[in-house]
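Visitor: See my_file-v3.cif below, with mmCIF, C-alpha atoms and all ligand atoms.
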```
data_protein
#
loop_
_atom_site.label_atom_id
_atom_site.label_comp_id
_atom_site.auth_asym_id
_atom_site.auth_seq_id
_atom_site.Cartn_x
_atom_site.Cartn_y
_atom_site.Cartn_z
CA MET A 1 35.79 -4.83 6.72
CA ALA A 2 35.85 -8.53 7.60
CA SER A 3 35.59 -10.84 4.62
CA PHE A 4 33.16 -13.75 4.31
CA SER A 5 32.25 -16.44 1.82
CA ALA A 6 28.74 -16.10 0.34
CA VAL A 7 28.41 -19.89 0.15
CA GLU A 8 29.33 -20.30 3.82
CA LEU A 9 26.78 -17.65 4.85
CA ILE A 10 24.06 -19.33 2.75
CA ILE A 11 24.87 -22.69 4.36
CA ALA A 12 24.83 -21.10 7.82
CA LYS A 13 21.30 -19.71 7.24
CA ARG A 14 20.20 -22.95 5.56
CA GLU A 15 21.21 -24.74 8.79
CA ARG A 16 19.18 -22.19 10.86
CA GLY A 17 22.26 -20.34 12.05
CA GLU A 18 22.39 -16.66 13.03
CA LEU A 19 24.27 -14.21 10.78
CA SER A 20 26.54 -11.72 12.55
CA THR A 21 26.26 -7.94 12.03
CA GLU A 22 29.54 -8.00 10.09
CA ALA A 23 28.33 -10.88 7.90
CA ILE A 24 25.09 -9.03 7.03
CA ASN A 25 26.94 -5.79 6.22
CA TRP A 26 29.38 -7.70 4.04
CA LEU A 27 26.57 -9.54 2.24
CA VAL A 28 24.56 -6.40 1.43
CA GLN A 29 27.57 -4.34 0.32
CA ASN A 30 28.89 -7.13 -1.88
CA TYR A 31 25.47 -7.84 -3.36
CA VAL A 32 25.10 -4.18 -4.38
CA SER A 33 28.63 -4.13 -5.87
CA GLY A 34 27.97 -7.35 -7.81
CA ALA A 35 30.57 -9.47 -5.99
CA VAL A 36 27.75 -11.61 -4.53
CA ALA A 37 25.83 -13.00 -7.53
CA ASP A 38 22.03 -12.91 -8.00
CA GLU A 39 21.84 -16.71 -7.71
CA GLN A 40 23.66 -16.58 -4.36
CA MET A 41 21.38 -13.86 -3.04
CA SER A 42 18.33 -15.84 -4.29
CA ALA A 43 19.49 -18.86 -2.28
CA MET A 44 20.04 -16.62 0.76
CA ALA A 45 16.58 -15.06 0.37
CA MET A 46 15.03 -18.53 0.25
CA ALA A 47 16.99 -19.65 3.33
CA ILE A 48 15.79 -16.51 5.15
CA LEU A 49 12.19 -17.11 4.01
CA LEU A 50 12.29 -20.71 5.26
CA ASN A 51 14.28 -20.25 8.48
CA GLY A 52 13.62 -16.62 9.42
CA MET A 53 15.83 -14.07 11.11
CA ASN A 54 15.82 -12.86 14.68
CA ARG A 55 15.12 -9.21 15.57
CA ARG A 56 18.83 -8.33 15.70
CA GLU A 57 19.45 -9.79 12.25
CA ILE A 58 16.41 -7.96 10.80
CA HIS A 59 17.63 -4.71 12.36
CA ASP A 60 21.11 -5.24 10.87
CA LEU A 61 19.69 -6.07 7.44
CA THR A 62 17.57 -2.90 7.50
CA THR A 63 20.54 -0.77 8.61
CA ALA A 64 22.76 -2.23 5.89
CA MET A 65 20.13 -1.53 3.23
CA ILE A 66 19.71 2.08 4.41
CA ALA A 67 23.51 2.51 4.29
CA SER A 68 23.54 1.35 0.65
CA GLY A 69 22.07 4.69 -0.48
CA GLU A 70 21.27 8.31 0.38
CA ARG A 71 19.13 9.61 3.25
CA LEU A 72 16.72 12.50 2.84
CA ASP A 73 16.49 15.15 5.53
CA PHE A 74 13.44 17.34 6.10
CA ALA A 75 14.73 18.99 9.26
CA ALA A 76 14.79 22.41 7.55
CA LEU A 77 11.01 22.37 6.91
CA PRO A 78 8.97 24.70 9.13
CA TRP A 79 6.61 21.85 10.14
CA PRO A 80 6.82 18.24 11.33
CA THR A 81 6.63 15.38 8.82
CA ALA A 82 4.45 12.27 8.91
CA ASP A 83 4.13 9.47 6.41
CA LYS A 84 2.00 6.38 5.89
CA HIS A 85 2.82 3.03 4.34
CA SER A 86 0.29 0.38 3.38
CA THR A 87 1.33 -3.21 2.80
CA GLY A 88 -1.05 -3.18 -0.19
CA GLY A 89 -4.62 -4.16 -0.86
CA VAL A 90 -7.48 -4.07 -3.35
CA GLY A 91 -9.17 -0.69 -3.84
CA ASP A 92 -6.62 0.88 -1.47
CA LYS A 93 -6.59 4.51 -2.66
CA ILE A 94 -6.19 5.95 0.85
CA THR A 95 -2.92 7.78 0.13
CA LEU A 96 -4.76 10.10 -2.29
CA PRO A 97 -7.15 11.70 0.22
CA LEU A 98 -4.85 11.13 3.21
CA ALA A 99 -1.81 13.17 2.15
CA PRO A 100 -3.73 16.42 1.50
CA LEU A 101 -5.97 15.86 4.54
CA VAL A 102 -2.98 15.60 6.91
CA ALA A 103 -1.20 18.52 5.18
CA SER A 104 -4.32 20.67 5.64
CA PHE A 105 -3.55 20.58 9.41
CA GLY A 106 0.04 21.81 9.02
CA VAL A 107 1.87 18.46 9.05
CA ALA A 108 3.97 17.83 5.92
CA VAL A 109 3.55 14.49 4.13
CA PRO A 110 6.47 13.23 2.01
CA GLN A 111 4.84 10.22 0.38
CA LEU A 112 7.17 8.18 -1.81
CA SER A 113 5.02 5.67 -3.67
CA GLY A 114 5.28 2.84 -6.14
CA ARG A 115 3.55 1.26 -9.09
CA GLY A 116 1.24 -1.72 -8.98
CA LEU A 117 2.34 -5.23 -9.77
CA GLY A 118 -0.06 -8.17 -9.80
CA HIS A 119 -3.46 -7.76 -8.15
CA THR A 120 -2.59 -4.71 -6.01
CA GLY A 121 -2.75 -1.27 -7.60
CA GLY A 122 -0.03 1.36 -7.37
CA THR A 123 -0.58 4.93 -6.18
CA LEU A 124 1.50 6.39 -9.03
CA ASP A 125 -0.56 4.53 -11.67
CA LYS A 126 -3.73 5.99 -10.16
CA LEU A 127 -2.47 9.57 -10.14
CA GLU A 128 -1.16 9.25 -13.70
CA ALA A 129 -4.81 8.97 -14.79
CA ILE A 130 -4.86 12.76 -14.16
CA HIS A 131 -3.85 14.63 -17.32
CA GLY A 132 -0.30 16.03 -17.11
CA TRP A 133 0.51 14.74 -13.59
CA ARG A 134 4.20 13.94 -13.16
CA ALA A 135 5.47 11.22 -10.76
CA ALA A 136 9.21 11.80 -11.12
CA LEU A 137 10.50 14.71 -9.02
CA SER A 138 14.09 15.56 -8.11
CA ASN A 139 14.94 15.77 -4.40
CA HIS A 140 15.03 19.56 -4.80
CA GLU A 141 11.52 19.67 -6.36
CA MET A 142 10.21 17.41 -3.60
CA HIS A 143 11.61 19.67 -0.88
CA ARG A 144 10.23 22.77 -2.57
CA GLN A 145 6.75 21.26 -2.89
CA LEU A 146 6.79 20.15 0.75
CA ALA A 147 7.76 23.66 1.81
CA GLU A 148 5.17 25.38 -0.43
CA VAL A 149 2.22 22.94 -0.41
CA GLY A 150 2.97 20.60 2.50
CA ALA A 151 2.21 17.36 0.63
CA VAL A 152 3.89 15.45 -2.15
CA ILE A 153 3.21 12.03 -3.62
CA CYS A 154 5.97 11.02 -6.01
CA ALA A 155 8.16 8.13 -7.18
CA ALA A 156 10.98 7.05 -4.90
CA GLY A 157 14.26 8.04 -6.54
CA THR A 158 16.86 5.39 -7.34
CA GLY A 159 19.17 6.75 -4.61
CA LEU A 160 17.10 5.48 -1.64
CA ALA A 161 18.05 1.99 -0.39
CA PRO A 162 19.37 0.68 -3.74
CA ALA A 163 20.10 -2.68 -2.05
CA ASP A 164 16.36 -3.09 -1.48
CA ARG A 165 15.57 -2.16 -5.08
CA LYS A 166 17.89 -4.91 -6.34
CA LEU A 167 16.79 -7.49 -3.76
CA TYR A 168 13.06 -6.80 -4.20
CA ALA A 169 13.30 -7.39 -7.97
CA LEU A 170 15.04 -10.69 -7.24
CA ARG A 171 12.48 -11.75 -4.62
CA ASP A 172 9.67 -10.96 -7.03
CA VAL A 173 10.89 -13.67 -9.45
CA THR A 174 12.16 -16.25 -6.93
CA GLY A 175 9.10 -16.83 -4.72
CA THR A 176 10.72 -15.07 -1.76
CA VAL A 177 8.43 -12.09 -1.19
CA GLU A 178 6.37 -13.40 1.77
CA SER A 179 9.06 -13.40 4.45
CA ILE A 180 8.51 -11.18 7.50
CA ALA A 181 12.27 -10.51 7.76
CA LEU A 182 12.54 -9.53 4.10
CA ILE A 183 9.29 -7.54 3.88
CA SER A 184 9.98 -5.56 7.06
CA SER A 185 13.59 -4.71 6.19
CA SER A 186 12.48 -3.75 2.66
CA ILE A 187 9.69 -1.42 3.79
CA MET A 188 11.53 0.15 6.70
CA SER A 189 14.86 0.71 4.90
CA LYS A 190 13.00 2.94 2.41
CA LYS A 191 10.88 4.70 5.02
CA ILE A 192 13.79 5.39 7.38
CA ALA A 193 16.02 6.59 4.51
CA GLU A 194 13.16 8.91 3.44
CA GLY A 195 13.69 10.84 6.67
CA THR A 196 10.14 11.21 8.04
CA ASP A 197 9.69 12.10 11.75
CA SER A 198 6.68 9.81 12.21
CA LEU A 199 5.22 6.87 10.35
CA VAL A 200 1.88 5.08 10.42
CA LEU A 201 1.76 1.61 8.91
CA ASP A 202 -1.43 0.14 7.49
CA VAL A 203 -0.82 -3.60 7.73
CA LYS A 204 -3.52 -5.39 5.77
CA VAL A 205 -4.85 -8.79 6.77
CA GLY A 206 -7.11 -11.05 4.74
CA SER A 207 -7.47 -12.66 1.34
CA GLY A 208 -6.33 -9.60 -0.65
CA ALA A 209 -3.24 -8.99 1.56
CA PHE A 210 0.27 -10.48 1.78
CA MET A 211 -0.59 -11.61 5.29
CA LYS A 212 -3.60 -13.92 5.23
CA THR A 213 -3.93 -14.41 8.99
CA ALA A 214 -4.13 -11.95 11.86
CA GLU A 215 -1.24 -13.73 13.63
CA ARG A 216 1.15 -13.19 10.72
CA ALA A 217 -0.04 -9.63 10.21
CA ARG A 218 0.49 -8.86 13.89
CA GLU A 219 4.01 -10.32 13.78
CA LEU A 220 4.82 -8.19 10.71
CA ALA A 221 3.34 -5.09 12.38
CA GLN A 222 5.34 -5.63 15.58
CA THR A 223 8.55 -6.09 13.59
CA LEU A 224 7.92 -2.93 11.55
CA VAL A 225 7.12 -0.85 14.63
CA ALA A 226 10.25 -2.08 16.46
CA LEU A 227 12.44 -1.17 13.45
CA GLY A 228 10.93 2.31 13.32
CA GLN A 229 11.43 2.87 17.06
CA ASP A 230 15.07 1.69 16.84
CA ALA A 231 15.69 4.29 14.13
CA GLY A 232 14.09 7.12 16.14
CA VAL A 233 10.97 7.31 13.92
CA LYS A 234 7.71 7.54 15.90
CA THR A 235 5.85 4.54 14.50
CA THR A 236 2.39 3.00 14.93
CA ALA A 237 0.77 0.17 12.96
CA LEU A 238 -2.93 -0.42 12.36
CA LEU A 239 -4.08 -3.90 11.35
CA THR A 240 -6.90 -3.43 8.87
CA ASP A 241 -9.32 -5.75 7.12
CA MET A 242 -8.53 -6.74 3.53
CA ASN A 243 -10.91 -9.64 3.00
CA THR A 244 -13.14 -7.47 0.84
CA PRO A 245 -12.12 -4.51 -1.38
CA LEU A 246 -11.86 -1.08 0.16
CA GLY A 247 -14.60 1.25 -1.05
CA LEU A 248 -16.76 0.74 -4.12
CA LYS A 249 -14.26 1.47 -6.91
CA ILE A 250 -11.21 -0.55 -7.98
CA GLY A 251 -9.06 0.70 -10.88
CA ASN A 252 -6.98 3.78 -11.61
CA THR A 253 -9.47 6.44 -12.81
CA LEU A 254 -12.18 4.89 -10.62
CA GLU A 255 -10.05 5.22 -7.49
CA VAL A 256 -9.15 8.84 -8.26
CA GLU A 257 -12.91 9.53 -8.61
CA GLU A 258 -13.65 7.89 -5.25
CA SER A 259 -10.80 9.77 -3.56
CA ILE A 260 -12.21 13.08 -4.82
CA GLU A 261 -15.63 12.10 -3.43
CA VAL A 262 -13.97 11.61 -0.01
CA LEU A 263 -12.14 14.95 -0.29
CA GLN A 264 -15.46 16.61 -1.07
CA GLY A 265 -17.00 15.27 2.13
CA GLY A 266 -18.69 12.15 0.69
CA GLY A 267 -17.45 8.70 -0.34
CA PRO A 268 -17.94 5.19 1.05
CA ALA A 269 -17.89 4.83 4.84
CA ASP A 270 -14.99 2.35 4.95
CA VAL A 271 -12.72 4.63 2.88
CA VAL A 272 -13.67 7.65 5.00
CA GLU A 273 -13.16 5.67 8.20
CA LEU A 274 -9.69 4.39 7.28
CA THR A 275 -8.60 7.80 5.93
CA VAL A 276 -9.68 9.49 9.18
CA GLU A 277 -8.12 6.77 11.41
CA LEU A 278 -4.77 6.97 9.64
CA ALA A 279 -4.82 10.78 9.51
CA SER A 280 -5.66 10.98 13.24
CA GLU A 281 -2.74 8.70 14.06
CA MET A 282 -0.30 10.64 11.83
CA LEU A 283 -1.42 13.93 13.39
CA ARG A 284 -1.17 12.50 16.92
CA LEU A 285 2.39 11.28 16.33
CA ALA A 286 3.27 14.69 14.86
CA GLY A 287 1.93 16.46 17.99
CA HIS A 288 -1.37 17.69 16.44
CA GLY A 289 -3.70 15.17 18.08
CA ASP A 290 -6.37 17.61 19.24
CA VAL A 291 -8.01 18.44 15.88
CA ASP A 292 -11.33 17.52 14.26
CA VAL A 293 -10.07 15.45 11.32
CA HIS A 294 -13.52 15.04 9.74
CA ALA A 295 -13.98 18.82 9.63
CA ASN A 296 -11.37 19.39 6.89
CA LEU A 297 -13.06 16.79 4.65
CA LYS A 298 -16.37 18.63 5.05
CA ASN A 299 -15.19 22.26 4.87
CA GLY A 300 -13.13 21.95 1.64
CA LYS A 301 -9.68 22.53 3.22
CA ALA A 302 -8.42 19.02 2.40
CA HIS A 303 -9.82 19.33 -1.13
CA ASP A 304 -8.07 22.71 -1.64
CA LYS A 305 -4.80 21.08 -0.55
CA TRP A 306 -5.41 18.21 -3.01
CA VAL A 307 -5.85 20.66 -5.90
CA GLN A 308 -2.61 22.48 -4.93
CA MET A 309 -0.73 19.18 -4.60
CA ILE A 310 -1.87 17.87 -8.00
CA GLU A 311 -1.32 21.18 -9.82
CA ALA A 312 2.20 21.52 -8.36
CA GLN A 313 3.07 18.34 -10.27
CA GLY A 314 1.52 19.48 -13.55
CA GLY A 315 -1.86 17.78 -13.12
CA ASP A 316 -4.87 19.40 -14.79
CA LEU A 317 -8.04 18.46 -12.92
CA SER A 318 -10.25 20.25 -15.46
CA VAL A 319 -9.52 17.56 -18.07
CA PRO A 320 -11.98 14.64 -17.72
CA LEU A 321 -10.38 11.43 -16.40
CA PRO A 322 -9.94 8.68 -19.03
CA GLN A 323 -12.94 6.32 -19.09
CA ALA A 324 -13.10 2.70 -20.30
CA ARG A 325 -14.73 2.05 -23.68
CA GLU A 326 -16.60 -1.13 -22.67
CA SER A 327 -18.64 -2.19 -19.63
CA HIS A 328 -20.43 -5.31 -18.42
CA THR A 329 -22.69 -5.55 -15.38
CA ILE A 330 -23.09 -8.71 -13.28
CA MET A 331 -26.59 -9.17 -11.82
CA ALA A 332 -27.51 -11.02 -8.62
CA SER A 333 -28.77 -14.52 -9.37
CA ALA A 334 -30.72 -14.79 -6.08
CA SER A 335 -32.25 -12.63 -3.39
CA GLY A 336 -30.71 -12.44 0.09
CA PHE A 337 -27.62 -10.81 1.57
CA LEU A 338 -24.15 -10.43 0.06
CA ASN A 339 -22.19 -12.37 2.66
CA ARG A 340 -18.77 -12.48 1.01
CA LEU A 341 -16.95 -10.61 -1.73
CA ASP A 342 -13.38 -11.80 -2.00
CA ALA A 343 -10.76 -9.05 -2.21
CA LEU A 344 -8.16 -11.15 -4.00
CA GLN A 345 -10.58 -12.31 -6.69
CA VAL A 346 -11.86 -8.77 -7.32
CA GLY A 347 -8.24 -7.55 -7.47
CA VAL A 348 -7.25 -10.25 -9.95
CA ALA A 349 -10.37 -9.52 -12.06
CA ALA A 350 -9.55 -5.78 -12.20
CA TRP A 351 -5.99 -6.64 -13.15
CA ARG A 352 -7.18 -8.98 -15.98
CA LEU A 353 -9.48 -6.21 -17.22
CA GLY A 354 -6.38 -4.05 -17.72
CA ALA A 355 -6.15 -2.00 -14.50
CA GLY A 356 -2.89 -3.66 -13.41
CA ARG A 357 0.23 -5.06 -14.99
CA ALA A 358 1.84 -8.51 -15.11
CA ARG A 359 5.37 -7.23 -15.78
CA LYS A 360 6.97 -3.96 -14.70
CA GLU A 361 7.21 -2.68 -18.27
CA ASP A 362 3.50 -3.22 -19.12
CA ALA A 363 1.16 -0.21 -19.52
CA VAL A 364 -2.06 0.04 -17.51
CA GLN A 365 -5.49 1.01 -18.83
CA PHE A 366 -6.59 3.99 -16.74
CA GLY A 367 -10.33 3.41 -17.17
CA ALA A 368 -10.29 -0.35 -16.51
CA GLY A 369 -11.56 -1.79 -13.24
CA ILE A 370 -14.67 -2.65 -11.26
CA THR A 371 -17.41 -0.64 -9.58
CA LEU A 372 -19.25 -2.44 -6.80
CA HIS A 373 -22.95 -1.70 -6.43
CA ILE A 374 -23.24 -3.43 -3.07
CA LYS A 375 -20.86 -4.53 -0.34
CA PRO A 376 -20.95 -7.44 2.13
CA GLY A 377 -23.68 -6.95 4.68
CA GLN A 378 -26.20 -5.42 2.27
CA ALA A 379 -29.44 -6.97 1.09
CA VAL A 380 -29.83 -7.83 -2.59
CA VAL A 381 -32.75 -8.74 -4.83
CA ALA A 382 -32.42 -11.20 -7.74
CA GLY A 383 -31.72 -9.27 -10.95
CA GLN A 384 -30.19 -6.27 -9.13
CA PRO A 385 -26.72 -5.12 -10.35
CA LEU A 386 -23.88 -6.49 -8.16
CA MET A 387 -20.91 -4.95 -9.92
CA THR A 388 -19.87 -3.42 -13.25
CA LEU A 389 -16.66 -4.40 -15.05
CA PHE A 390 -14.83 -1.82 -17.21
CA THR A 391 -12.14 -2.29 -19.87
CA ASP A 392 -11.01 -0.84 -23.19
CA GLU A 393 -11.01 -4.31 -24.79
CA ALA A 394 -14.23 -6.38 -24.64
CA SER A 395 -12.12 -9.51 -25.19
CA ARG A 396 -10.90 -9.14 -21.58
CA PHE A 397 -14.35 -9.70 -20.03
CA ASP A 398 -14.03 -13.51 -20.13
CA ALA A 399 -10.81 -13.43 -18.09
CA GLY A 400 -12.30 -10.91 -15.65
CA LEU A 401 -15.45 -12.98 -15.16
CA ALA A 402 -13.42 -16.19 -14.74
CA ALA A 403 -11.36 -14.52 -11.99
CA LEU A 404 -14.57 -13.64 -10.13
CA GLU A 405 -15.99 -17.18 -10.25
CA GLY A 406 -16.78 -18.34 -6.69
CA GLY A 407 -15.67 -14.96 -5.39
CA PHE A 408 -18.97 -13.93 -3.78
CA ASP A 409 -21.81 -15.58 -1.86
CA ILE A 410 -25.43 -14.51 -1.56
CA GLY A 411 -27.10 -16.18 1.43
CA SER A 412 -30.48 -15.96 3.11
CA ASN A 413 -28.95 -14.76 6.43
CA ASN A 414 -26.89 -11.62 6.88
CA GLU A 415 -23.57 -12.94 8.16
CA PRO A 416 -20.51 -11.16 6.76
CA PHE A 417 -17.30 -11.58 8.76
CA ASN A 418 -14.09 -9.63 8.88
CA ALA A 419 -10.56 -11.07 8.97
CA PHE A 420 -10.90 -11.93 12.66
CA GLY A 421 -14.14 -13.84 12.22
CA THR A 422 -16.02 -11.00 13.91
CA ALA A 423 -19.42 -10.26 12.42
CA MET A 424 -19.39 -6.89 10.62
CA THR A 425 -22.01 -4.24 11.20
CA PRO A 426 -23.47 -3.04 7.91
CA ASN A 427 -23.71 0.73 7.60
CA ARG A 428 -25.30 3.08 5.14
CA PHE A 429 -22.65 2.49 2.45
CA GLY A 430 -22.43 -1.24 3.19
CA GLY A 431 -18.93 -0.86 4.68
CA SER A 432 -17.95 -3.07 7.59
CA GLY A 433 -17.83 -0.20 10.04
CA SER A 434 -14.96 -2.06 11.74
CA ILE A 435 -12.12 -1.80 9.31
CA VAL A 436 -9.42 -1.29 11.98
CA ILE A 437 -8.89 -4.65 13.67
CA ASP A 438 -5.99 -3.81 15.98
CA ARG A 439 -3.39 -1.15 16.78
CA ILE A 440 0.28 -1.73 17.61
CA GLU A 441 2.08 1.21 19.18
CA GLY A 442 5.79 1.68 19.71
N1 LIG A 501 6.53 -3.63 -0.08
C1 LIG A 501 7.87 -3.41 -0.04
O1 LIG A 501 8.32 -2.29 -0.19
N2 LIG A 501 8.66 -4.45 0.16
C2 LIG A 501 8.22 -5.70 0.35
O2 LIG A 501 9.00 -6.61 0.55
C3 LIG A 501 6.83 -5.92 0.30
C4 LIG A 501 6.01 -4.85 0.09
#
```
Would you mind writing the file out in structure tokens?

Guide:
Amino acid sequence: MASFSAVELIIAKRERGELSTEAINWLVQNYVSGAVADEQMSAMAMAILLNGMNRREIHDLTTAMIASGERLDFAALPWPTADKHSTGGVGDKITLPLAPLVASFGVAVPQLSGRGLGHTGGTLDKLEAIHGWRAALSNHEMHRQLAEVGAVICAAGTGLAPADRKLYALRDVTGTVESIALISSSIMSKKIAEGTDSLVLDVKVGSGAFMKTAERARELAQTLVALGQDAGVKTTALLTDMNTPLGLKIGNTLEVEESIEVLQGGGPADVVELTVELASEMLRLAGHGDVDVHANLKNGKAHDKWVQMIEAQGGDLSVPLPQARESHTIMASASGFLNRLDALQVGVAAWRLGAGRARKEDAVQFGAGITLHIKPGQAVVAGQPLMTLFTDEASRFDAGLAALEGGFDIGSNNEPFNAFGTAMTPNRFGGSGSIVIDRIEG
């Protein structure tokens, strides 16, 4: 392999130069082996964040990160595979109802998930609220569960894209997360190495998302879809609204409860809508587009699959979910309409109450979080409950309340807007009714 100097490559990117395929391969391999130091890779990540990469460079970076580890192969399964990835939001529990719903139609879902950091929750933290549930599965156990149940949600093993694992930890502490080149290569290296046939991406846009504007979200979505297509994975992205939390419950136990409501045919309209939209797209890509997705939420088939999926990983759904010891309800100070409820501020408040973690090694409180009593677009009367905060430690209420300050508006006119500035139509659960803003197909 050609040899390069890390300093010269950093300077080239600093000066807005283009890195060759050989240079990118060399950089990634030598970073994983330790020959390129963390401080050099930090400088490179910052140069990439500031000056960007073209599509060819992003493709090469993704390919090099995939090559740093193992690739899973589900070709031996008797059914097609489809997966979903969300760029992360507040109250985003969709993976929980989605995986069993899609599996209930005969499409296998290998869902490798992560833990929460900062204001966004992690799917594994939510499922660990269920007594006995186990996140860590070997590749063999994962294959067996996919063959027997058709759905698995588990922790990504250390063997998949180790270059991304190392680089993501570095980006997290060097202010270099929000780069389209780095986010897209990070996400797609793991998803391509995971070996799914099709992939649906939920790219969030709004205050609670990485991408605050529709333009940036669309650019990220287009980059992700192109990377998937290049690798032979059928890929679609949906741009979805993350200006206000998804559903009515934010927090680990709370989100499991809401997911079960959806699997039993109920639940808030926005959660049902996004679950059905994503499931329909996954099924379409997997060649099962002509099914009634709603039906399996109503007839118990998706719920039966959920029970099988949880029990296969040791979960005992007969044990009550852990509940918070303390609660505090915020009342409306005026009558009118809830016009805005900021996703980021609700996410930060839930995190401060104990639902999330500040450092990877911190524990989460399963019962902590927030239940919303109304959503933007609904009418409210002074003195009516707006939301209830939950935590195990009453001393955390001050920090939770401070995080919510200025985070919602009650006005005399009903004028909630989604991330595109389009007025939202209130529905019976107060959801926007227009959660999918755009669709980018390969
Ligand atoms: N999720 C990832 O896996 N990687 C990123 O860079 C951002 C979100």

Visitor: Between atom CA of A:Val225 and atom CA of A:Asp125, what distance in Å does the model show, to one decimal?

Guide: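 Separating atom CA of A:Val225 from atom CA of A:Asp125 is a distance of 27.9 Å.
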
Visitor: Could you check the closest approach to A:Leu77 for each of A:Gln145, A:Asn414, A:Asn299, A:Asn54 and tell me which residue wins, using all atoms listed in the file?

Guide: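 Answer, going by the shortest atom-to-atom distance: A:Gln145.
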
Visitor: Find the residues near stretch 154-161 of chain A: any atom within 10 Å, counting all atoms listed in the file, skip ones fewer than 6 places away on the same chain, and give them as an MDAnalysis selection string.

Guide: chainID A and resid 62:72 110:115 123:124 127 134:139 142 186:194 313

Visitor: Interatomic distance between atom CA of A:Asp398 and atom CA of A:Asp92?

Guide: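 Computed distance, atom CA of A:Asp398 to atom CA of A:Asp92, equals 24.7 Å.
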
Visitor: Between A:Ala269, A:Leu49, A:Val256, A:Leu182, single out the one closest to ligand LIG 501 (chain A), counting only C-alpha atoms and all ligand atoms.

Guide: A:Leu182

Visitor: Using all atoms listed in the file, pick whichever of A:Thr244, A:Thr87, A:Thr388, A:Ser335 has the shortest atom-to-atom distance to A:Leu401.

Guide: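 Using all atoms listed in the file, the shortest distance to A:Leu401 belongs to A:Thr388.
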
Visitor: Using all atoms listed in the file, I'd like a table of the residues in chain A that come within 9 Å of ligand LIG 501 (chain A); for each, show the closest atom pair and its distance in Å rounded to one decimal, ordered by chain and ascending number, as a Markdown table.

Guide:
```
| residue | atom | partner | partner_atom | distance |
| --- | --- | --- | --- | --- |
| A:His85 | CA | A:LIG501 | N1 | 8.8 |
| A:Ser86 | CA | A:LIG501 | N1 | 8.2 |
| A:Thr87 | CA | A:LIG501 | C4 | 5.7 |
| A:Gly88 | CA | A:LIG501 | C4 | 7.3 |
| A:Gly114 | CA | A:LIG501 | O1 | 8.4 |
| A:Asp164 | CA | A:LIG501 | N2 | 8.0 |
| A:Arg165 | CA | A:LIG501 | O1 | 8.7 |
| A:Leu167 | CA | A:LIG501 | O2 | 8.9 |
| A:Tyr168 | CA | A:LIG501 | O2 | 6.3 |
| A:Arg171 | CA | A:LIG501 | O2 | 8.1 |
| A:Asp172 | CA | A:LIG501 | O2 | 8.8 |
| A:Thr176 | CA | A:LIG501 | O2 | 8.9 |
| A:Val177 | CA | A:LIG501 | O2 | 5.8 |
| A:Glu178 | CA | A:LIG501 | O2 | 7.4 |
| A:Ser179 | CA | A:LIG501 | O2 | 7.8 |
| A:Ile180 | CA | A:LIG501 | O2 | 8.3 |
| A:Ala181 | CA | A:LIG501 | O2 | 8.8 |
| A:Leu182 | CA | A:LIG501 | O2 | 5.8 |
| A:Ile183 | CA | A:LIG501 | O2 | 3.5 |
| A:Ser184 | CA | A:LIG501 | O2 | 6.7 |
| A:Ser185 | CA | A:LIG501 | O2 | 7.5 |
| A:Ser186 | CA | A:LIG501 | N2 | 4.6 |
| A:Ile187 | CA | A:LIG501 | O1 | 4.3 |
| A:Met188 | CA | A:LIG501 | O1 | 8.0 |
| A:Ser189 | CA | A:LIG501 | O1 | 8.8 |
| A:Lys190 | CA | A:LIG501 | O1 | 7.5 |
| A:Phe210 | CA | A:LIG501 | C3 | 8.1 |
```

Visitor: Could you write out that same residue set with C-alpha atoms as an mmCIF file, in the frame of the given file?

Guide:
```cif
data_model
loop_
_atom_site.group_PDB
_atom_site.id
_atom_site.type_symbol
_atom_site.label_atom_id
_atom_site.label_comp_id
_atom_site.auth_asym_id
_atom_site.auth_seq_id
_atom_site.Cartn_x
_atom_site.Cartn_y
_atom_site.Cartn_z
ATOM 1 C CA HIS A 85 2.820 3.030 4.340
ATOM 2 C CA SER A 86 0.290 0.380 3.380
ATOM 3 C CA THR A 87 1.330 -3.210 2.800
ATOM 4 C CA GLY A 88 -1.050 -3.180 -0.190
ATOM 5 C CA GLY A 114 5.280 2.840 -6.140
ATOM 6 C CA ASP A 164 16.360 -3.090 -1.480
ATOM 7 C CA ARG A 165 15.570 -2.160 -5.080
ATOM 8 C CA LEU A 167 16.790 -7.490 -3.760
ATOM 9 C CA TYR A 168 13.060 -6.800 -4.200
ATOM 10 C CA ARG A 171 12.480 -11.750 -4.620
ATOM 11 C CA ASP A 172 9.670 -10.960 -7.030
ATOM 12 C CA THR A 176 10.720 -15.070 -1.760
ATOM 13 C CA VAL A 177 8.430 -12.090 -1.190
ATOM 14 C CA GLU A 178 6.370 -13.400 1.770
ATOM 15 C CA SER A 179 9.060 -13.400 4.450
ATOM 16 C CA ILE A 180 8.510 -11.180 7.500
ATOM 17 C CA ALA A 181 12.270 -10.510 7.760
ATOM 18 C CA LEU A 182 12.540 -9.530 4.100
ATOM 19 C CA ILE A 183 9.290 -7.540 3.880
ATOM 20 C CA SER A 184 9.980 -5.560 7.060
ATOM 21 C CA SER A 185 13.590 -4.710 6.190
ATOM 22 C CA SER A 186 12.480 -3.750 2.660
ATOM 23 C CA ILE A 187 9.690 -1.420 3.790
ATOM 24 C CA MET A 188 11.530 0.150 6.700
ATOM 25 C CA SER A 189 14.860 0.710 4.900
ATOM 26 C CA LYS A 190 13.000 2.940 2.410
ATOM 27 C CA PHE A 210 0.270 -10.480 1.780
#
```
